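S.K.: The following block contains the structure, expressed as structure tokens.
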Amino acid sequence: MEKLLFELTRLGIVPVRLTNENEVYLEVSPADFKPACLALHKLLRSTVMLMFAEDRRSSEGTFTIRAGFIGTKQRRWFFVEQKVPGPAFGSIAKEIYSANLFEREIKEMFGLEPEGNPDGRRLRLHDEVWSGGYPLRKDFESAVSGPIGNYPFMPVEGEGVFEVPVGPVHAGIIGPGHFRFSVAGEPIINLESRFGFTHRGVEKMLEGRDAASAAKLSECVAGDAAFSHSLAYCRGVERACGIAVPTRGDYLRGIFLELERLYNHVADVGTIALDVGFSFPAAEASVIKENLQALNAELTGSRFLKHINLPGGVSRDLDQASVKNLLAQTAAATRDFRRLREILYASVSFLDRVETTGALSKKLAEDLGVIGLAGRASGVKLDLREVFPGVYDGLKVVFREKGDVLARLEVRLDEFEESVRQIERLAARLPEGAIAGDEVTVGSGQALGWAESWRGPVLYWLRFTDGKLERAKIVDPSFHNWTGLSAAVLDNIVPDFPVCNKSFNLSYAGNDL
Amino acid sequence: MSVFDKVIAARLARGIVTRPIEYEKSGAELKDLVAAKFSRSFFIREVDTGSCGACESEIISATNPLYDLQRFGISFVASPRHADAMLVTGPVSKNMVLALKKTYDAMPEPKLVISAGDCALNGGVFKSSYYIAGGVNAILPVTLHIPGCPPTPLTLVKALLSLIKRRC
Ligand code: SF4
């Protein structure tokens, strides 16, 4: 921390505000924004975890843009903050690639031009249907009329190069996205992905809501991570408004978060096998997944662990019989899971298909800002449960170095076991007491809330004014990691794309918001 | 004993794992109807027009060995050209309107549209958004809606049965 402060002071940047616990805001002039971001990026070795704008014109006369970094050693979040009168701000994307998509997002949602960002294309408001208007501006009412455009894909040319366009409607039961492969012979030489097909305007819809109705909406952002999203959201509310959560509530949240990881990890292990045509373990995995989701329903009434989180705690308690049931069934699932693991490792042809396939090097993962599960498979060791342990004790962060499909599979295999271990620990130490605070008042304040979902960090930056949400910025790890997939598939053959894709298993909805 | 033998032995020892009797009964009925009215196969093309992903997850679960939708003659197919019905999830994001219509146009007659999940009915929690074109029935003629957020695999199967019965 000292070194960091020294370095920032040397640059003439001093931390001005320490809000909440663990959140540092550096308010800088537009000219200092880039140097401050570069310094944090380098000193903390942190990618841009989130970057977003806020329309503060009615209260302060300007927009505010913040870039957030994580200090794993300091166990803190660092935000560089600048006031932008508009209509442009200086891009940092050429120096820090992980800011690129965030800047493009700010451009399309707020109409602020990131000067120097080479890619001006919109992400979610498709040119073919959106004639204009900036939805996240406070004075936005509806789309303004204007010409409808076209989306220019990057042309890849040369002798024998051809394009394979896929989607938005895919062959499987899966979300919509458009993938454009440029292929020379068999290998992929470029993959350009276009998303936004499930854009629902979630961030705008959250504005003006009270804390409870926003919690409900947060569960519909990415359904397979409903618990992580509502958890990150609720933590944001609690931190913004100084709401305490009883210890038992925290422990239960830990258990449910790991239960979400279990059913998703086992499902992915199955689909990875399925996508190389190995259907027997896939069927096994789907049975384990079903059993775990049935357990979720028995314990909480929801197969997707919805309707549990609320600002100030949780709404579902586990009595002794439920805890016994939980432990018995996770133990049974672990036995099945180990057999599944054995089946996979017993097949040489399976290993041959996943080893070295879709490899993403550590260097590339770091440069692109790949985080979470996919990051750990490439040796990027960030896990928010380790940085901010809370109820976790002695968490073993699982990681691999090779970054191939096998590495992403193995991270899941080991994390499954680690999650079961954590569930057992949490259940054994489950303290007595209330599960939620009885007097929860949501007033005014701003804060970041987070959760390490099974995919990676889910972040909610929130500002409340008099109990109503004024701004919500949501980042699902998918938003960071789709770029990683595009890089990982290069030099692989098109038929291996599905298995590469499944090994990342990113959320379309979480990305598109 | 190979690992495969072990797994199969363990499964056999555990007995049949398929879900409740009530489901079995409705499923068997469904199978006869599908055999009689749809030449033994009822093919569905699934389209996500803005779903959060949970609806897809449950539809996939309906095909797992515990619910095993396929044994009743119902399958999900990759191409709309092979489909008798389209199953649509999610509110319809403006970006998906064209793809939804094109997928429908690619299906041969006669064809049905089924919507699943509260979002698909009228936009659900996203109804008032600037980027939602509406529920599925704002774009295509919907024969059946399956409620739920998301509908469970069991709900999905029961609803399909009721539809096939109604149509026959
Ligand atoms: S109905 Fe519910 S589960 Fe289905 S897409 Fe909408 S929010 Fe997700």
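In the structure tokens, chains take the letters A, B, ... in the order shown, each chain's residues start at 1, and ligands count up from 1 in the order shown.
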Pull out every residue of chain B that has at least one atom within 6 Å of chain A, counting only C-alpha atoms, and report them as a compact mmCIF listing (two decimals) with C-alpha atoms, in the first residue's frame.
M.R.:
# COMPACT_ATOMS: atom_id res chain seq x y z
CA GLU B 46 -35.60 -24.01 -29.72
CA ASP B 48 -33.77 -17.91 -27.41
CA GLY B 50 -33.42 -12.74 -24.96
CA CYS B 52 -31.55 -15.16 -19.05
CA GLY B 53 -30.46 -18.72 -19.76
CA ALA B 54 -32.39 -20.48 -17.01
CA ASN B 64 -31.66 -35.71 -19.35
CA ALA B 78 -30.67 -28.36 -35.01
CA SER B 93 -35.10 -8.33 -27.75
CA ASN B 95 -32.09 -7.56 -32.00
CA MET B 96 -33.82 -10.93 -32.28
CA TYR B 131 -35.25 -2.68 -26.10
S.K.: So that I can check the surroundings of segment 351-366 of chain A, please list as a PyMOL selection string every protein, DNA and RNA residue that reaches within 6 Å of it, counting only C-alpha atoms and ignoring chain neighbours fewer than 6 positions away.
M.R.: chain A and resi 378-379+403-406+488-489+500
S.K.: Just want the 9 Å neighbourhood of segment 92-103 of chain A, counted on only C-alpha atoms, with same-chain residues fewer than 5 positions away dropped. Output as number ranges by chain.
M.R.: A: 33-34, 37-38, 41, 47-52, 67, 108, 112-119, 123, 367-370, 479-480
S.K.: Write the residues you've just listed into a file as a compact mmCIF listing (two decimals), in the first residue's frame, and include N, CA, C and O atoms for each of them.
M.R.:
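Written file, selection.txt:
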# COMPACT_ATOMS: atom_id res chain seq x y z
N PHE A 33 -6.21 11.14 -15.79
CA PHE A 33 -6.95 9.88 -15.78
C PHE A 33 -6.12 8.73 -16.33
O PHE A 33 -5.97 7.69 -15.68
N LYS A 34 -5.53 8.95 -17.49
CA LYS A 34 -4.76 7.87 -18.11
C LYS A 34 -3.53 7.49 -17.28
O LYS A 34 -3.34 6.31 -16.98
N CYS A 37 -4.61 5.49 -14.27
CA CYS A 37 -5.03 4.14 -14.62
C CYS A 37 -3.84 3.26 -14.94
O CYS A 37 -3.74 2.11 -14.50
N LEU A 38 -2.90 3.82 -15.71
CA LEU A 38 -1.71 3.05 -16.07
C LEU A 38 -0.92 2.66 -14.84
O LEU A 38 -0.43 1.53 -14.72
N HIS A 41 -2.82 -0.07 -13.02
CA HIS A 41 -2.76 -1.28 -13.85
C HIS A 41 -1.43 -1.98 -13.65
O HIS A 41 -1.36 -3.20 -13.48
N THR A 47 -6.21 -5.99 -14.21
CA THR A 47 -6.89 -5.60 -15.43
C THR A 47 -7.96 -4.58 -15.05
O THR A 47 -8.22 -4.37 -13.87
N VAL A 48 -8.57 -3.94 -16.03
CA VAL A 48 -9.69 -3.05 -15.72
C VAL A 48 -10.87 -3.95 -15.35
O VAL A 48 -11.43 -4.63 -16.19
N MET A 49 -11.22 -3.98 -14.09
CA MET A 49 -12.28 -4.89 -13.65
C MET A 49 -13.65 -4.37 -14.05
O MET A 49 -14.56 -5.13 -14.32
N LEU A 50 -13.78 -3.06 -14.03
CA LEU A 50 -15.00 -2.45 -14.54
C LEU A 50 -14.71 -1.00 -14.88
O LEU A 50 -13.78 -0.40 -14.32
N MET A 51 -15.45 -0.48 -15.81
CA MET A 51 -15.30 0.93 -16.17
C MET A 51 -16.67 1.38 -16.63
O MET A 51 -17.33 0.68 -17.40
N PHE A 52 -17.11 2.52 -16.14
CA PHE A 52 -18.48 2.91 -16.45
C PHE A 52 -18.67 4.40 -16.27
O PHE A 52 -17.88 5.06 -15.60
N ALA A 67 -12.89 4.03 -13.55
CA ALA A 67 -12.27 2.77 -13.93
C ALA A 67 -11.87 2.07 -12.64
O ALA A 67 -11.22 2.67 -11.78
N GLU A 108 -21.82 3.95 -26.59
CA GLU A 108 -23.16 3.71 -27.12
C GLU A 108 -24.27 4.03 -26.12
O GLU A 108 -25.36 4.42 -26.49
N LEU A 112 -20.72 9.38 -25.15
CA LEU A 112 -19.43 10.03 -24.88
C LEU A 112 -18.37 9.32 -25.71
O LEU A 112 -18.23 8.10 -25.65
N GLU A 113 -17.63 10.08 -26.48
CA GLU A 113 -16.69 9.50 -27.43
C GLU A 113 -15.35 9.17 -26.77
O GLU A 113 -14.70 10.07 -26.24
N PRO A 114 -14.92 7.92 -26.77
CA PRO A 114 -13.58 7.61 -26.25
C PRO A 114 -12.53 7.98 -27.30
O PRO A 114 -12.29 7.22 -28.23
N GLU A 115 -11.94 9.13 -27.15
CA GLU A 115 -11.01 9.62 -28.18
C GLU A 115 -9.75 8.78 -28.21
O GLU A 115 -9.04 8.66 -27.21
N GLY A 116 -9.49 8.20 -29.37
CA GLY A 116 -8.29 7.38 -29.52
C GLY A 116 -8.60 5.89 -29.52
O GLY A 116 -7.74 5.07 -29.80
N ASN A 117 -9.84 5.51 -29.20
CA ASN A 117 -10.20 4.10 -29.29
C ASN A 117 -10.45 3.77 -30.76
O ASN A 117 -11.30 4.39 -31.39
N PRO A 118 -9.70 2.82 -31.30
CA PRO A 118 -9.79 2.57 -32.74
C PRO A 118 -11.10 1.90 -33.18
O PRO A 118 -11.40 1.87 -34.37
N ASP A 119 -11.85 1.35 -32.26
CA ASP A 119 -13.06 0.62 -32.64
C ASP A 119 -14.31 1.35 -32.15
O ASP A 119 -14.59 1.38 -30.96
N LEU A 123 -21.97 -2.23 -29.43
CA LEU A 123 -21.95 -3.61 -28.94
C LEU A 123 -23.34 -4.21 -28.90
O LEU A 123 -23.56 -5.36 -29.27
N ASP A 367 -3.25 -10.00 -20.81
CA ASP A 367 -3.38 -8.83 -21.68
C ASP A 367 -4.83 -8.55 -22.05
O ASP A 367 -5.24 -7.40 -22.15
N LEU A 368 -5.59 -9.61 -22.28
CA LEU A 368 -6.97 -9.41 -22.69
C LEU A 368 -7.89 -9.16 -21.50
O LEU A 368 -9.03 -8.76 -21.67
N GLY A 369 -7.40 -9.44 -20.30
CA GLY A 369 -8.23 -9.23 -19.12
C GLY A 369 -9.18 -10.38 -18.87
O GLY A 369 -10.30 -10.17 -18.39
N VAL A 370 -8.75 -11.59 -19.20
CA VAL A 370 -9.58 -12.76 -18.94
C VAL A 370 -9.52 -13.09 -17.45
O VAL A 370 -8.43 -13.18 -16.88
N PHE A 479 -18.50 -10.75 -19.91
CA PHE A 479 -18.16 -9.54 -20.66
C PHE A 479 -16.64 -9.44 -20.86
O PHE A 479 -16.17 -8.98 -21.89
N HIS A 480 -15.88 -9.89 -19.89
CA HIS A 480 -14.42 -9.90 -20.02
C HIS A 480 -13.96 -11.06 -20.91
O HIS A 480 -12.97 -10.94 -21.62
S.K.: Go through chain B and flag each residue having an atom no more than 9 Å from ligand 1; for those, report the closest pair of atoms plus their distance in Å to one decimal, using only C-alpha atoms and all ligand atoms, ordered by chain and rising number, as a Markdown table.
M.R.:
| residue | atom | partner | partner_atom_place_in_ligand_line | distance |
| --- | --- | --- | --- | --- |
| B:Asp48 | CA | ligand 1 | 5 (S) | 8.5 |
| B:Thr49 | CA | ligand 1 | 5 (S) | 9.0 |
| B:Gly50 | CA | ligand 1 | 5 (S) | 7.0 |
| B:Ser51 | CA | ligand 1 | 5 (S) | 3.7 |
| B:Cys52 | CA | ligand 1 | 8 (Fe) | 4.2 |
| B:Gly53 | CA | ligand 1 | 8 (Fe) | 5.9 |
| B:Ala54 | CA | ligand 1 | 3 (S) | 4.5 |
| B:Cys55 | CA | ligand 1 | 4 (Fe) | 4.3 |
| B:Glu56 | CA | ligand 1 | 4 (Fe) | 7.7 |
| B:Ser57 | CA | ligand 1 | 3 (S) | 8.8 |
| B:Glu58 | CA | ligand 1 | 3 (S) | 8.7 |
| B:Thr89 | CA | ligand 1 | 5 (S) | 6.0 |
| B:Gly90 | CA | ligand 1 | 5 (S) | 4.4 |
| B:Pro91 | CA | ligand 1 | 6 (Fe) | 6.8 |
| B:Ala116 | CA | ligand 1 | 1 (S) | 7.2 |
| B:Gly117 | CA | ligand 1 | 1 (S) | 3.7 |
| B:Asp118 | CA | ligand 1 | 1 (S) | 4.1 |
| B:Cys119 | CA | ligand 1 | 6 (Fe) | 4.2 |
| B:Ala120 | CA | ligand 1 | 1 (S) | 6.7 |
| B:Leu121 | CA | ligand 1 | 1 (S) | 8.5 |
| B:Gly123 | CA | ligand 1 | 6 (Fe) | 8.0 |
| B:Gly124 | CA | ligand 1 | 6 (Fe) | 6.7 |
| B:Val125 | CA | ligand 1 | 7 (S) | 7.1 |
| B:Phe126 | CA | ligand 1 | 6 (Fe) | 8.4 |
| B:Pro147 | CA | ligand 1 | 1 (S) | 7.8 |
| B:Gly148 | CA | ligand 1 | 1 (S) | 6.1 |
| B:Cys149 | CA | ligand 1 | 2 (Fe) | 3.5 |
| B:Pro150 | CA | ligand 1 | 3 (S) | 3.7 |
| B:Pro151 | CA | ligand 1 | 4 (Fe) | 7.4 |
S.K.: With only C-alpha atoms as the basis for distance, which of B:Ala106, B:Leu154, B:Ile164, B:Phe76 is at the shortest distance from Asp32 of chain B?
M.R.: B:Ile164
S.K.: I want to know what sits within 7 Å of Arg45 of chain B, based on only C-alpha atoms, with residues of the same chain fewer than 6 positions away left out; could you give that as a PyMOL selection string?
M.R.: chain B and resi 76-80+83+85-87
S.K.: Emit the selected residues as a PDB file, in the first residue's frame, including N, CA and C atoms.
M.R.:
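Result written to out.pdb:
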ATOM      1  N   PHE B  76     -35.331 -32.351 -29.792  1.00  0.00           N
ATOM      2  CA  PHE B  76     -34.925 -31.016 -30.216  1.00  0.00           C
ATOM      3  C   PHE B  76     -33.992 -31.172 -31.399  1.00  0.00           C
ATOM      4  N   VAL B  77     -34.236 -30.372 -32.445  1.00  0.00           N
ATOM      5  CA  VAL B  77     -33.442 -30.533 -33.651  1.00  0.00           C
ATOM      6  C   VAL B  77     -32.653 -29.272 -33.955  1.00  0.00           C
ATOM      7  N   ALA B  78     -31.585 -29.464 -34.729  1.00  0.00           N
ATOM      8  CA  ALA B  78     -30.674 -28.364 -35.006  1.00  0.00           C
ATOM      9  C   ALA B  78     -31.230 -27.403 -36.049  1.00  0.00           C
ATOM     10  N   SER B  79     -32.013 -27.918 -36.976  1.00  0.00           N
ATOM     11  CA  SER B  79     -32.461 -27.056 -38.069  1.00  0.00           C
ATOM     12  C   SER B  79     -33.964 -26.819 -38.007  1.00  0.00           C
ATOM     13  N   PRO B  80     -34.377 -25.584 -38.247  1.00  0.00           N
ATOM     14  CA  PRO B  80     -35.826 -25.313 -38.301  1.00  0.00           C
ATOM     15  C   PRO B  80     -36.502 -26.092 -39.431  1.00  0.00           C
ATOM     16  N   ALA B  83     -38.300 -29.088 -38.202  1.00  0.00           N
ATOM     17  CA  ALA B  83     -39.094 -28.917 -36.987  1.00  0.00           C
ATOM     18  C   ALA B  83     -40.598 -28.869 -37.243  1.00  0.00           C
ATOM     19  N   ALA B  85     -42.403 -27.833 -34.528  1.00  0.00           N
ATOM     20  CA  ALA B  85     -42.752 -26.725 -33.646  1.00  0.00           C
ATOM     21  C   ALA B  85     -41.517 -25.920 -33.285  1.00  0.00           C
ATOM     22  N   MET B  86     -41.767 -24.691 -32.900  1.00  0.00           N
ATOM     23  CA  MET B  86     -40.684 -23.850 -32.413  1.00  0.00           C
ATOM     24  C   MET B  86     -40.987 -23.518 -30.954  1.00  0.00           C
ATOM     25  N   LEU B  87     -39.987 -23.653 -30.114  1.00  0.00           N
ATOM     26  CA  LEU B  87     -40.148 -23.338 -28.696  1.00  0.00           C
ATOM     27  C   LEU B  87     -39.318 -22.091 -28.422  1.00  0.00           C
TER      28      LEU B  87
END
S.K.: Name the residues of segment 41-131 of chain B that fall into alpha helix (DSSP H) according to DSSP on the backbone, using the chain letters and numbers of this document, as a list in words.
M.R.: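 Here is the list: Ala54, Cys55, Glu56, Ser57, Glu58, Ile59, Ile60, Ser61, Val97, Leu98, Ala99, Leu100, Lys101, Lys102, Thr103, Tyr104, Asp105, Ala106, Asp118, Cys119, Ala120, Leu121 and Asn122 of chain B.
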S.K.: Going by DSSP on the backbone, which residues of segment 14-249 of chain A come out as strand (DSSP E)? List them as a ChimeraX atom specification.
M.R.: /A:17-19,23-27,50-56,62-71,76-84,88-90,113-115,161-166,178-184,188-194
S.K.: May I have the residues from that selection written out with C-alpha atoms, as a CSV table (one decimal), in the first residue's frame?
M.R.:
chain,number,residue,atom,x,y,z
A,17,ARG,CA,-11.7,9.4,-0.6
A,18,LEU,CA,-11.8,6.1,1.1
A,19,THR,CA,-15.5,5.2,1.1
A,23,GLU,CA,-13.0,1.0,-1.6
A,24,VAL,CA,-10.6,3.7,-2.6
A,25,TYR,CA,-11.5,6.5,-5.0
A,26,LEU,CA,-8.9,8.6,-6.7
A,27,GLU,CA,-10.5,11.8,-8.1
A,50,LEU,CA,-15.0,-2.4,-14.5
A,51,MET,CA,-15.3,0.9,-16.2
A,52,PHE,CA,-18.5,2.9,-16.5
A,53,ALA,CA,-20.1,6.3,-16.7
A,54,GLU,CA,-22.7,8.0,-14.7
A,55,ASP,CA,-24.9,10.8,-15.8
A,56,ARG,CA,-24.5,13.4,-13.0
A,62,THR,CA,-21.1,16.6,-15.7
A,63,PHE,CA,-20.8,12.9,-16.4
A,64,THR,CA,-18.5,10.9,-14.2
A,65,ILE,CA,-16.3,8.1,-15.5
A,66,ARG,CA,-14.7,5.5,-13.2
A,67,ALA,CA,-12.3,2.8,-13.9
A,68,GLY,CA,-12.0,0.1,-11.2
A,69,PHE,CA,-9.0,-2.1,-10.4
A,70,ILE,CA,-8.4,-4.7,-7.8
A,71,GLY,CA,-5.5,-4.8,-5.4
A,76,ARG,CA,-9.0,-3.3,-1.9
A,77,TRP,CA,-10.7,-1.9,-4.9
A,78,PHE,CA,-9.3,1.2,-6.5
A,79,PHE,CA,-11.3,3.5,-8.6
A,80,VAL,CA,-9.9,6.3,-10.8
A,81,GLU,CA,-12.6,8.9,-11.2
A,82,GLN,CA,-12.9,11.8,-13.6
A,83,LYS,CA,-15.6,14.3,-14.4
A,84,VAL,CA,-16.4,14.6,-18.1
A,88,ALA,CA,-15.6,13.1,-25.3
A,89,PHE,CA,-13.0,11.6,-23.0
A,90,GLY,CA,-9.5,10.2,-23.5
A,113,GLU,CA,-16.7,9.5,-27.4
A,114,PRO,CA,-13.6,7.6,-26.2
A,115,GLU,CA,-11.0,9.6,-28.2
A,161,VAL,CA,-9.7,-17.6,-47.1
A,162,PHE,CA,-13.4,-18.1,-46.6
A,163,GLU,CA,-15.9,-17.0,-44.0
A,164,VAL,CA,-18.2,-19.3,-42.0
A,165,PRO,CA,-21.0,-17.2,-40.4
A,166,VAL,CA,-22.8,-18.9,-37.5
A,178,HIS,CA,-23.1,-14.4,-34.0
A,179,PHE,CA,-19.7,-15.9,-34.7
A,180,ARG,CA,-17.9,-15.2,-37.9
A,181,PHE,CA,-15.0,-17.5,-38.6
A,182,SER,CA,-12.4,-16.7,-41.2
A,183,VAL,CA,-10.9,-20.0,-42.2
A,184,ALA,CA,-7.9,-21.0,-44.4
A,188,ILE,CA,-9.5,-20.7,-37.9
A,189,ILE,CA,-7.4,-17.6,-38.6
A,190,ASN,CA,-9.8,-15.1,-37.2
A,191,LEU,CA,-13.0,-15.3,-35.1
A,192,GLU,CA,-15.1,-12.2,-34.8
A,193,SER,CA,-18.0,-12.5,-32.4
A,194,ARG,CA,-20.9,-10.1,-32.3
S.K.: Residues at most 8 Å from Glu386 of chain A, counting only C-alpha atoms, excluding those fewer than 5 positions away in the same chain, as a ChimeraX atom specification?
M.R.: /A:392,395,397
S.K.: Please produce a file of the residues just selected, as a compact mmCIF listing (two decimals), in the first residue's frame, where the atoms kept are N, CA and C atoms.
M.R.:
# COMPACT_ATOMS: atom_id res chain seq x y z
N TYR A 392 -15.22 -17.71 4.21
CA TYR A 392 -14.37 -18.80 3.71
C TYR A 392 -13.12 -18.95 4.55
N LEU A 395 -9.47 -21.45 1.77
CA LEU A 395 -9.89 -21.81 0.42
C LEU A 395 -8.68 -22.15 -0.45
N VAL A 397 -7.28 -22.11 -3.89
CA VAL A 397 -7.57 -21.57 -5.21
C VAL A 397 -7.06 -22.53 -6.27
S.K.: So that I can check the surroundings of Lys37 of chain B, please list as a VMD selection string every protein, DNA and RNA residue that reaches within 12 Å of it, counting only C-alpha atoms and ignoring chain neighbours fewer than 4 positions away.
M.R.: chain B and resid 30 to 33 41 to 42 73 84 164 to 168
S.K.: Give me the residues near Ile114 of chain B as JSON, numbers by chain, where near means some atom within 10 Å (using only C-alpha atoms) and where sequence neighbours in that chain fewer than 3 positions away do not count.
M.R.: {"B": [44, 46, 85, 86, 87, 88, 89, 120, 136, 137, 140, 141, 142, 143, 144, 145, 146, 159, 160, 163]}
S.K.: Go ahead and compute the interatomic distance for atom CA of Gln446 of chain A and atom CA of Leu462 of chain A, in Å to one decimal.
M.R.: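 Computing the Euclidean distance for atom CA of Gln446 of chain A and atom CA of Leu462 of chain A yields 5.5 Å.
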S.K.: Quote the spacing between atom CA of Phe153 of chain A and atom CA of Thr271 of chain A in Å to one decimal place.
M.R.: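 Computing it gives 29.9 Å between the two atoms.
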S.K.: Expressed in Å to a single decimal, how great is the separation between atom CA of Leu485 of chain A and atom CA of Arg408 of chain A?
M.R.: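 If I compute the distance from atom CA of Leu485 of chain A to atom CA of Arg408 of chain A, I get 11.9 Å.
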